[in-house]
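*Asks:* Pasting structure.txt here (compact mmCIF, C-alpha atoms and all ligand atoms):
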# COMPACT_ATOMS: atom_id res chain seq x y z
CA MET A 94 107.37 87.22 117.32
CA SER A 95 109.39 88.53 120.25
CA VAL A 96 108.08 87.43 123.63
CA LEU A 97 109.33 88.57 127.02
CA LEU A 98 108.85 86.09 129.86
CA ILE A 99 108.69 87.84 133.23
CA ALA A 100 109.20 85.71 136.34
CA GLY A 101 107.64 87.48 139.32
CA SER A 102 108.51 85.12 142.16
CA PRO A 103 111.19 86.01 144.70
CA SER A 104 111.99 82.28 145.08
CA GLU A 105 114.83 80.63 143.21
CA ARG A 106 112.97 77.32 142.82
CA SER A 107 109.59 78.53 141.67
CA ARG A 108 106.39 76.88 140.54
CA SER A 109 105.18 79.97 138.71
CA ALA A 110 108.55 80.07 136.91
CA ALA A 111 107.97 76.40 135.99
CA LEU A 112 104.74 77.44 134.25
CA LEU A 113 106.72 80.12 132.46
CA ASP A 114 109.34 77.60 131.41
CA SER A 115 106.65 75.33 130.05
CA VAL A 116 105.22 78.22 128.04
CA SER A 117 108.69 79.08 126.72
CA GLN A 118 109.11 75.52 125.37
CA ARG A 119 105.83 75.88 123.49
CA LEU A 120 106.80 79.31 122.15
CA LEU A 121 110.19 78.06 120.92
CA LEU A 122 108.52 75.19 119.07
CA ARG A 123 106.45 77.79 117.22
CA GLY A 124 109.56 79.81 116.30
CA ALA A 125 109.12 82.74 118.69
CA THR A 126 112.10 84.77 119.89
CA ILE A 127 112.29 84.55 123.66
CA GLU A 128 113.77 86.92 126.22
CA ARG A 129 113.62 86.31 129.95
CA LEU A 130 113.40 88.67 132.89
CA HIS A 131 113.72 87.33 136.44
CA ILE A 132 112.76 90.19 138.70
CA ARG A 133 114.62 88.55 141.59
CA ASP A 134 117.86 89.10 139.64
CA LEU A 135 117.42 92.89 139.57
CA SER A 136 119.09 95.10 142.14
CA PRO A 137 116.73 94.90 145.16
CA GLN A 138 117.72 98.34 146.43
CA SER A 139 117.18 99.94 143.03
CA LEU A 140 113.82 98.22 142.71
CA LEU A 141 112.63 99.43 146.10
CA LEU A 142 113.98 102.96 145.69
CA ALA A 143 112.65 103.25 142.13
CA ASP A 144 116.12 103.91 140.73
CA THR A 145 115.24 103.56 137.05
CA ALA A 146 118.72 104.76 136.06
CA HIS A 147 120.32 101.66 137.58
CA ARG A 148 121.85 99.43 134.91
CA THR A 149 119.76 96.31 135.63
CA ILE A 150 116.51 98.24 136.00
CA ALA A 151 117.06 100.28 132.83
CA ALA A 152 117.84 97.08 130.90
CA ALA A 153 114.68 95.41 132.23
CA ILE A 154 112.49 98.38 131.25
CA ASP A 155 114.07 98.26 127.80
CA GLN A 156 113.24 94.55 127.51
CA VAL A 157 109.60 95.36 128.16
CA ALA A 158 109.68 98.15 125.56
CA ARG A 159 111.09 95.83 122.87
CA ALA A 160 108.70 92.89 123.38
CA ARG A 161 105.68 92.32 121.16
CA ALA A 162 104.06 90.02 123.69
CA ILE A 163 104.62 89.46 127.38
CA VAL A 164 104.01 86.41 129.52
CA VAL A 165 104.05 87.32 133.19
CA ALA A 166 104.10 84.71 135.96
CA THR A 167 103.54 85.31 139.64
CA PRO A 168 102.85 83.37 142.80
CA VAL A 169 99.70 84.31 144.71
CA TYR A 170 100.76 86.16 147.83
CA LYS A 171 98.11 87.17 150.37
CA ALA A 172 95.32 86.79 147.81
CA ALA A 173 97.08 88.98 145.24
CA TYR A 174 100.29 88.86 143.20
CA SER A 175 103.86 89.10 144.49
CA GLY A 176 105.33 92.29 145.94
CA VAL A 177 108.44 92.07 143.77
CA LEU A 178 106.28 92.02 140.66
CA LYS A 179 104.41 95.08 141.93
CA VAL A 180 107.54 97.12 142.58
CA PHE A 181 108.78 96.33 139.09
CA LEU A 182 105.47 97.20 137.42
CA ASP A 183 105.48 100.47 139.38
CA LEU A 184 108.73 101.45 137.65
CA LEU A 185 107.34 101.10 134.14
CA PRO A 186 106.16 104.11 132.14
CA GLN A 187 102.37 104.55 132.16
CA THR A 188 101.95 103.21 128.60
CA ALA A 189 104.65 100.54 128.83
CA LEU A 190 102.32 97.78 127.59
CA LYS A 191 100.76 99.74 124.74
CA ASN A 192 100.24 97.55 121.64
CA LYS A 193 101.38 94.48 123.57
CA THR A 194 99.49 91.27 124.19
CA VAL A 195 99.88 89.91 127.69
CA LEU A 196 99.37 86.39 129.01
CA PRO A 197 99.23 86.20 132.82
CA LEU A 198 100.12 83.01 134.73
CA ALA A 199 99.92 82.27 138.45
CA THR A 200 100.41 79.50 140.94
CA GLY A 201 98.86 79.35 144.39
CA GLY A 202 98.73 76.99 147.35
CA SER A 203 95.03 76.34 146.83
CA PRO A 204 92.32 77.04 144.24
CA ASN A 205 90.74 79.60 146.58
CA HIS A 206 92.60 82.53 145.08
CA MET A 207 92.44 81.54 141.41
CA LEU A 208 90.65 84.80 140.63
CA ALA A 209 93.60 86.87 141.89
CA LEU A 210 94.81 87.12 138.29
CA ASP A 211 91.55 88.82 137.35
CA TYR A 212 90.81 91.01 140.34
CA ALA A 213 94.40 91.95 141.28
CA LEU A 214 96.84 91.68 138.36
CA ARG A 215 94.57 92.40 135.39
CA PRO A 216 93.66 95.99 136.44
CA VAL A 217 97.36 96.83 136.85
CA LEU A 218 98.21 95.46 133.39
CA GLN A 219 95.24 97.37 132.00
CA SER A 220 96.46 100.60 133.62
CA LEU A 221 99.74 100.14 131.73
CA SER A 222 97.73 100.28 128.47
CA ALA A 223 98.06 96.62 127.45
CA ARG A 224 96.33 96.06 124.12
CA HIS A 225 94.94 92.69 125.01
CA ILE A 226 95.18 90.74 128.25
CA LEU A 227 94.45 87.09 127.51
CA PRO A 228 92.60 84.81 129.92
CA GLY A 229 95.17 83.73 132.50
CA VAL A 230 96.30 80.26 133.50
CA TYR A 231 96.23 79.38 137.20
CA ALA A 232 97.67 76.21 138.75
CA THR A 233 97.77 74.99 142.31
CA ASP A 234 100.96 73.73 143.92
CA SER A 235 99.73 70.13 143.61
CA GLN A 236 99.54 70.54 139.82
CA VAL A 237 103.16 71.71 139.47
CA THR A 238 105.84 69.41 140.87
CA LEU A 239 109.37 70.71 141.27
CA MET A 240 111.92 67.95 140.63
CA PRO A 241 115.68 67.74 141.33
CA GLU A 242 118.13 69.71 139.20
CA GLY A 243 115.67 72.36 138.08
CA ALA A 244 113.27 69.99 136.35
CA HIS A 245 109.52 70.16 136.86
CA HIS A 246 106.38 68.25 136.02
CA ILE A 247 103.13 69.93 135.11
CA GLY A 248 99.86 67.99 135.27
CA ALA A 249 97.99 67.12 132.07
CA GLU A 250 95.07 69.42 132.74
CA VAL A 251 97.30 72.48 133.25
CA SER A 252 99.43 71.46 130.24
CA ALA A 253 96.32 71.46 128.06
CA ARG A 254 95.41 74.94 129.30
CA LEU A 255 98.94 76.17 128.56
CA ASP A 256 98.70 74.73 125.02
CA GLU A 257 95.48 76.63 124.49
CA ALA A 258 96.87 79.86 126.00
CA VAL A 259 99.96 79.81 123.76
CA ALA A 260 97.84 79.13 120.67
CA THR A 261 95.63 82.09 121.59
CA LEU A 262 98.67 84.28 122.17
CA PHE A 263 99.96 83.49 118.69
CA SER A 264 96.66 84.05 116.93
CA GLU A 265 96.07 87.30 118.79
CA VAL A 266 99.50 88.71 117.90
CA ALA A 267 99.15 87.58 114.26
CA ARG A 268 95.72 89.25 114.06
CA THR A 269 96.97 92.71 115.08
CA PRO A 270 99.84 94.58 113.38
CA ALA A 271 102.58 95.71 115.76
CA ASN A 272 101.75 99.40 115.77
CA ALA A 273 98.05 99.25 115.05
CA GLY A 274 95.99 101.72 117.00
CA PHE A 275 92.25 101.60 117.42
CA GLU A 276 90.32 102.75 114.35
CA PRO A 277 88.70 106.14 114.87
CA ILE A 278 84.90 105.79 115.16
CA ALA A 279 82.74 108.36 113.40
CA PHE A 280 80.64 110.36 115.86
CA SER A 281 77.47 109.37 113.97
CA ARG A 282 78.18 105.73 114.86
CA VAL A 283 78.58 106.34 118.57
CA ARG A 284 75.69 104.86 120.60
CA CYS A 285 75.12 105.42 124.29
CA SER A 286 72.80 103.50 126.52
CA VAL A 287 71.89 104.54 130.03
C1 LIG A 301 104.16 85.04 151.58
C2 LIG A 301 103.28 84.01 150.91
C3 LIG A 301 101.94 84.24 150.78
C4 LIG A 301 101.11 83.32 150.14
N1 LIG A 301 99.79 83.60 150.01
C5 LIG A 301 98.98 82.72 149.36
C6 LIG A 301 97.59 83.01 149.19
O1 LIG A 301 97.07 84.03 149.64
N2 LIG A 301 96.83 82.11 148.50
C7 LIG A 301 97.36 80.96 147.97
O2 LIG A 301 96.63 80.19 147.32
N3 LIG A 301 98.68 80.65 148.14
C8 LIG A 301 99.49 81.51 148.79
N4 LIG A 301 100.83 81.22 148.96
C9 LIG A 301 101.38 80.01 148.34
C10 LIG A 301 102.05 80.34 146.99
O3 LIG A 301 101.22 81.14 146.18
C11 LIG A 301 102.34 79.08 146.20
O4 LIG A 301 103.13 78.19 146.95
C12 LIG A 301 103.00 79.40 144.87
O5 LIG A 301 102.97 78.28 144.02
C13 LIG A 301 104.44 79.85 145.04
O6 LIG A 301 104.93 80.19 143.75
P1 LIG A 301 106.49 80.29 143.46
O7 LIG A 301 107.04 78.91 143.72
O8 LIG A 301 106.57 80.67 142.03
O9 LIG A 301 107.04 81.33 144.37
C14 LIG A 301 101.66 82.12 149.62
C15 LIG A 301 103.03 81.86 149.79
C16 LIG A 301 103.84 82.80 150.42
C17 LIG A 301 105.32 82.51 150.59
As a first step, turn the structure in this file into structure tokens.
Ligand SMILES: Cc1cc2nc3c(=O)[nH]c(=O)nc-3n(C[C@H](O)[C@H](O)[C@H](O)COP(=O)(O)O)c2cc1C
*Replies:*
Amino acid sequence: MSVLLIAGSPSERSRSAALLDSVSQRLLLRGATIERLHIRDLSPQSLLLADTAHRTIAAAIDQVARARAIVVATPVYKAAYSGVLKVFLDLLPQTALKNKTVLPLATGGSPNHMLALDYALRPVLQSLSARHILPGVYATDSQVTLMPEGAHHIGAEVSARLDEAVATLFSEVARTPANAGFEPIAFSRVRCSV
């Protein structure tokens, strides 16, 4: 299974990227093929000016196209997700997430905005035609400790939720063939309720 990990924080030392790293360790143990995309490494000018022909942007869009599953991590900014993640998602073709399973992750300063994944990010992922958006994992800053030399520590409760999320990601991808579309439904079986 090919999984693209998208880091959506503009910060170099990043708690949301720590969640992503923790997920990547779990994915590798299960034999997944991992690719990484740090949006902060893309050309800022090309991102902001929607220059999809730029080498780094074109390569990033191609990474999305090739992935079977995507794990996207963002900090909560102003009760939503990060601006850099938004400008990247805006560059993707309208059906960029078609047939892909997506696991969203977020960190925030407090639990107050834990629903930002659902009310802010989820509709955007849905608009890009994601097949299945899994329940997200949210952690507060106090649950993710950044340590010296790039290490991090994630609390037991969040670790357990990441275990569960990765297991769900695997079972969901295994359940659906890569290019499966929705089965056509006979008109006689269509029911409407008003
Ligand atoms: C510009 C900015 C806006 C933020 N807005 C919120 C917010 O609305 N709600 C919240 O819980 N935390 C907010 N935070 C805190 C971050 O979400 C939190 O520290 C997060 O873990 C940072 O993730 P990162 O280390 O991956 O960048 C904000 C931080 C910044 C820098």
*Asks:* Nearest to ligand LIG 301 (chain A): which of A:Ser136, A:Thr194, A:Ser281, A:Gln236 is it, counting all atoms listed in the file?
*Replies:* A:Gln236
*Asks:* Suppose you want the space between atom CA of A:Ser139 and atom CA of A:Ser220; what is it in Å?
*Replies:* 22.8 Å
*Asks:* Quick one: residues within 6 Å of ligand LIG 301 (chain A), with all atoms listed in the file, as an NGL selection string?
*Replies:* :A and (102 or 104 or 107-110 or 168-172 or 200-203 or 205-206 or 234)
*Asks:* Tell me which of A:Leu112, A:Ala199, A:Leu130, A:Ala160 sits closest to A:Arg215, counting only C-alpha atoms.
*Replies:*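 For A:Arg215, the nearest of the candidates is A:Ala199.
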*Asks:* Measuring between all atoms listed in the file, which one of A:Arg268, A:His225, A:His246, A:Lys179 shows the shortest distance to A:Leu140?
*Replies:* A:Lys179
*Asks:* Which one of A:Val116, A:Arg161, A:Arg106, A:Leu178 sits closest to A:Glu257 if you count only C-alpha atoms?
*Replies:* A:Val116
*Asks:* Which one of A:Ser95, A:Gln219, A:Thr261, A:Thr149 sits closest to A:Ala125 if you count all atoms listed in the file?
*Replies:*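 Among the listed residues, the smallest separation from A:Ala125 belongs to A:Ser95.
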*Asks:* In terms of the shortest atom-to-atom distance over only C-alpha atoms, which of A:Arg284, A:Arg123, A:Arg129, A:Arg148 is closest to A:Phe263?
*Replies:*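 With only C-alpha atoms as the atom set, the closest residue is A:Arg123.
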*Asks:* Just how far from atom CA of A:Leu190 is atom CA of A:Ala232, in Å to one decimal?
*Replies:*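 Computing it gives 24.7 Å between the two atoms.
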